[in-house]
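Asks: This is the structure I have questions about; it appears just below.
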Amino acid sequence: EAGVVQSPRYKIIEKKQPVAFWCNPISGHNTLYWYRQNLGQGPELLIRYENEEAVDDSQLPKDRFSAERLKGVDSTLKIQPAELGDSAVYLCASSPPEMNTEAFFGQGTRLTVV
Amino acid sequence: KNQVEQSPQSLIILEGKNCTLQCNYTVSPFSNLRWYKQDTGRGPVSLTIMTFSENTKSNGRYTATLDADTKQSSLHITASQLSDSASYICVVSEGAGGFKTIFGAGTRLFVKA
């Protein structure tokens, strides 16, 4: 079975340009997370979905970041416009509906804003 | 404020040696604690997950311990291999269901031949 699939793996854009990341979670996993990871740091939660509902988006910079999970399966995370400080690895993870289970991570998208 | 602190920040050991990584947390209410291994350029991969009632769990050469009273956890790696070189991240979940997670900054382990 395929794990969490993210694309693209790498993205280089100029500041002020828009960018979008895509994530396809593991089949049957209703919880989906987007994280941002800066170099040498642990991942920081941006948004968590339960099915198609965003249940925790308190850390999402809503002035420039947006996310959607139509139909409760795959998800996109968008930044518009991008800033230099947005350079990071964006990780998607999913977990099954049972409590206290592990989350499975994708390989991430490394974003470089120049 | 809920926090997860890991030590050391980085560690260099010789192949074949053992090592122990530490994790202290102030997360409340506690739900579970996980250790992840993250290779360079990859997403984190789960090693162990422990709930309040568990105080040790093993996964091959990795053994995690949890002391919920002192809010401390450790990850012990036995007979290290070059492939153990990675970041090890402690993650503590709070609240019902354990879906709200707080990540530590990780310990960067380098295993030398």
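We name chains A, B, ... following the order of the structure tokens; residues begin at 1 in each chain, and ligands are numbered from 1 as shown.
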Please report as a short mmCIF file (atom, residue, chain, number, x, y, z; two decimals) with all heavy atoms, in the first residue's frame which residues of chain B come no farther than 7 Å from chain A, using only C-alpha atoms.
Replies:
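That gives us result.cif:
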```
data_model
loop_
_atom_site.label_atom_id
_atom_site.label_comp_id
_atom_site.auth_asym_id
_atom_site.auth_seq_id
_atom_site.Cartn_x
_atom_site.Cartn_y
_atom_site.Cartn_z
N ASN B 32 -0.32 10.67 24.76
CA ASN B 32 0.68 9.67 24.40
C ASN B 32 2.00 10.34 24.04
O ASN B 32 2.05 11.55 23.84
CB ASN B 32 0.19 8.77 23.25
CG ASN B 32 0.00 9.55 21.96
OD1 ASN B 32 0.95 10.03 21.37
ND2 ASN B 32 -1.24 9.63 21.51
N ARG B 42 13.96 13.21 4.42
CA ARG B 42 12.78 12.33 4.46
C ARG B 42 11.81 12.79 5.53
O ARG B 42 12.13 13.60 6.40
CB ARG B 42 13.21 10.88 4.76
CG ARG B 42 14.34 10.36 3.91
CD ARG B 42 13.91 10.25 2.45
NE ARG B 42 12.91 9.23 2.23
CZ ARG B 42 13.20 7.98 1.89
NH1 ARG B 42 14.44 7.60 1.75
NH2 ARG B 42 12.22 7.12 1.67
N GLY B 43 10.61 12.26 5.48
CA GLY B 43 9.65 12.54 6.54
C GLY B 43 9.92 11.68 7.76
O GLY B 43 10.59 10.64 7.66
N PRO B 44 9.46 12.09 8.94
CA PRO B 44 9.66 11.27 10.15
C PRO B 44 8.96 9.92 10.04
O PRO B 44 7.89 9.81 9.45
CB PRO B 44 9.03 12.13 11.25
CG PRO B 44 8.99 13.53 10.70
CD PRO B 44 8.78 13.36 9.23
N VAL B 45 9.58 8.91 10.64
CA VAL B 45 9.02 7.57 10.69
C VAL B 45 8.88 7.15 12.15
O VAL B 45 9.84 7.29 12.93
CB VAL B 45 9.91 6.57 9.93
CG1 VAL B 45 9.37 5.15 10.10
CG2 VAL B 45 9.99 6.94 8.46
N SER B 46 7.73 6.63 12.51
CA SER B 46 7.47 6.30 13.91
C SER B 46 8.31 5.11 14.38
O SER B 46 8.46 4.11 13.66
CB SER B 46 5.99 5.96 14.08
OG SER B 46 5.70 5.59 15.41
N ILE B 49 5.29 4.27 20.26
CA ILE B 49 4.24 5.12 20.82
C ILE B 49 3.84 4.53 22.16
O ILE B 49 3.65 3.32 22.28
CB ILE B 49 3.03 5.25 19.87
CG1 ILE B 49 1.93 6.12 20.51
CG2 ILE B 49 2.48 3.89 19.47
CD1 ILE B 49 0.81 6.49 19.54
N ILE B 89 13.09 12.55 17.01
CA ILE B 89 12.15 13.57 17.46
C ILE B 89 11.17 12.96 18.46
O ILE B 89 10.58 11.91 18.21
CB ILE B 89 11.38 14.18 16.28
CG1 ILE B 89 12.37 14.75 15.25
CG2 ILE B 89 10.43 15.26 16.77
CD1 ILE B 89 11.70 15.24 13.97
N GLY B 97 -7.93 11.50 22.57
CA GLY B 97 -7.64 11.03 21.23
C GLY B 97 -6.19 11.18 20.81
O GLY B 97 -5.73 10.48 19.92
N GLY B 98 -5.48 12.09 21.43
CA GLY B 98 -4.07 12.25 21.13
C GLY B 98 -3.77 12.86 19.78
O GLY B 98 -2.70 12.63 19.21
N PHE B 103 5.83 18.85 19.05
CA PHE B 103 7.07 18.23 18.64
C PHE B 103 8.25 18.86 19.37
O PHE B 103 8.31 20.08 19.56
CB PHE B 103 7.30 18.42 17.14
CG PHE B 103 6.47 17.53 16.26
CD1 PHE B 103 5.11 17.71 16.14
CD2 PHE B 103 7.07 16.51 15.54
CE1 PHE B 103 4.34 16.89 15.34
CE2 PHE B 103 6.31 15.68 14.72
CZ PHE B 103 4.96 15.86 14.61
N GLY B 104 9.21 18.02 19.75
CA GLY B 104 10.50 18.53 20.19
C GLY B 104 11.34 18.93 18.99
O GLY B 104 10.98 18.65 17.85
N ALA B 105 12.45 19.59 19.25
CA ALA B 105 13.32 20.05 18.16
C ALA B 105 14.18 18.92 17.62
O ALA B 105 14.78 19.06 16.55
CB ALA B 105 14.20 21.20 18.63
N GLY B 106 14.25 17.81 18.36
CA GLY B 106 15.02 16.66 17.87
C GLY B 106 16.44 16.62 18.40
O GLY B 106 17.00 17.63 18.81
#
```
Asks: If we count only C-alpha atoms, what is near Gln80 of chain A at a cut-off of 6 Å, once residues fewer than 2 positions away on the same chain are taken out, given as a PyMOL selection string?
Replies: chain A and resi 18+64+82
Asks: Go ahead and write the residues just picked, N, CA and C atoms, as a compact mmCIF listing (two decimals), in the first residue's frame.
Replies:
```txt
# COMPACT_ATOMS: atom_id res chain seq x y z
N PRO A 18 2.86 32.86 -6.06
CA PRO A 18 2.07 31.85 -5.35
C PRO A 18 2.70 30.47 -5.51
N ARG A 64 -1.80 34.74 4.30
CA ARG A 64 -1.18 34.29 3.06
C ARG A 64 -1.31 32.78 2.82
N ALA A 82 4.23 34.30 -1.55
CA ALA A 82 5.29 33.71 -0.74
C ALA A 82 6.29 34.78 -0.32
```
Asks: Within 12 Å of Thr48 of chain B, counting only C-alpha atoms, which residues show up once you throw out same-chain ones fewer than 4 positions away? Write them as a ChimeraX atom specification, please.
Replies: /A:100-103 /B:32-37,54-66,73-76,88-92
Asks: Go through A:Ser87, A:Asp74, A:Glu53, A:Leu111 and flag the residue nearest Trp22 of chain A, using only C-alpha atoms for the distances.
Replies: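 For Trp22 of chain A, the nearest of the candidates is A:Asp74.
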Asks: What is the atom CA of Leu11 of chain B to atom CA of Leu109 of chain B distance in Å?
Replies: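 A separation of 4.9 Å between them.
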Asks: From the list A:Asn24, A:Asn30, A:Gln6, A:Gln17, which residue is nearest Val55 of chain A when using only C-alpha atoms?
Replies: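 The closest residue to Val55 of chain A is A:Asn30.
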Asks: Skipping near chain neighbours, those fewer than 6 positions away, what residues fall within 10 Å of Phe110 of chain B using only C-alpha atoms, listed as a PyMOL selection string?
Replies: chain B and resi 10-15+80-87
Asks: Which one of A:Pro61, A:Pro25, A:Pro81, A:Gly3 sits closest to Ser94 of chain A if you count only C-alpha atoms?
Replies: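 Ranking A:Pro61, A:Pro25, A:Pro81, A:Gly3 by distance to Ser94 of chain A, first place goes to A:Pro25.
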Asks: Which residue is closest to Glu52 of chain A? Choose from A:Lys71, A:Phe65, A:Ile26, A:Pro8 and count only C-alpha atoms.
Replies: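 Ranking A:Lys71, A:Phe65, A:Ile26, A:Pro8 by distance to Glu52 of chain A, first place goes to A:Lys71.
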Asks: Quick one, how far is atom CA of Thr76 of chain A from atom CA of Thr40 of chain B?
Replies: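 Computed distance, atom CA of Thr76 of chain A to atom CA of Thr40 of chain B, equals 24.0 Å.
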Asks: Name the residues of chain B that come out as strand (DSSP E) in a backbone DSSP run; write them as an MDAnalysis selection string.
Replies: chainID B and resid 4:7 10:14 19:25 30:38 45:51 56:59 62:67 72:77 86:94 100:103 107:112
Asks: List the neighbours of Leu77 of chain A out to 7 Å using only C-alpha atoms; skip same-chain residues closer than 5 positions along the sequence, and give me the result as an mmCIF file with C-alpha atoms, in the first residue's frame.
Replies:
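See result20.cif below for the written result:
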```
data_model
loop_
_atom_site.group_PDB
_atom_site.id
_atom_site.type_symbol
_atom_site.label_atom_id
_atom_site.label_comp_id
_atom_site.auth_asym_id
_atom_site.auth_seq_id
_atom_site.Cartn_x
_atom_site.Cartn_y
_atom_site.Cartn_z
ATOM 1 C CA ALA A 20 0.758 25.111 -3.943
ATOM 2 C CA PHE A 21 1.553 21.749 -2.410
ATOM 3 C CA TRP A 22 -0.485 18.575 -2.798
ATOM 4 C CA SER A 66 -4.823 28.599 2.776
ATOM 5 C CA ALA A 67 -5.659 24.923 2.694
ATOM 6 C CA GLU A 68 -8.474 22.747 1.529
#
```
Asks: Select from chain B everything DSSP, run on the backbone, classes as helix (DSSP H, G or I), then give the selection as an MDAnalysis selection string.
Replies: chainID B and resid 82:84 96:98
Asks: Export, as a short mmCIF file (atom, residue, chain, number, x, y, z; two decimals), in the first residue's frame, the selected residues with C-alpha atoms.
Replies:
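Full text of again14.cif as output:
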```
data_model
loop_
_atom_site.label_atom_id
_atom_site.label_comp_id
_atom_site.auth_asym_id
_atom_site.auth_seq_id
_atom_site.Cartn_x
_atom_site.Cartn_y
_atom_site.Cartn_z
CA LEU B 82 25.77 3.80 10.58
CA SER B 83 22.16 3.83 9.40
CA ASP B 84 21.08 5.12 12.80
CA ALA B 96 -8.57 13.16 24.21
CA GLY B 97 -7.64 11.03 21.23
CA GLY B 98 -4.07 12.25 21.13
#
```
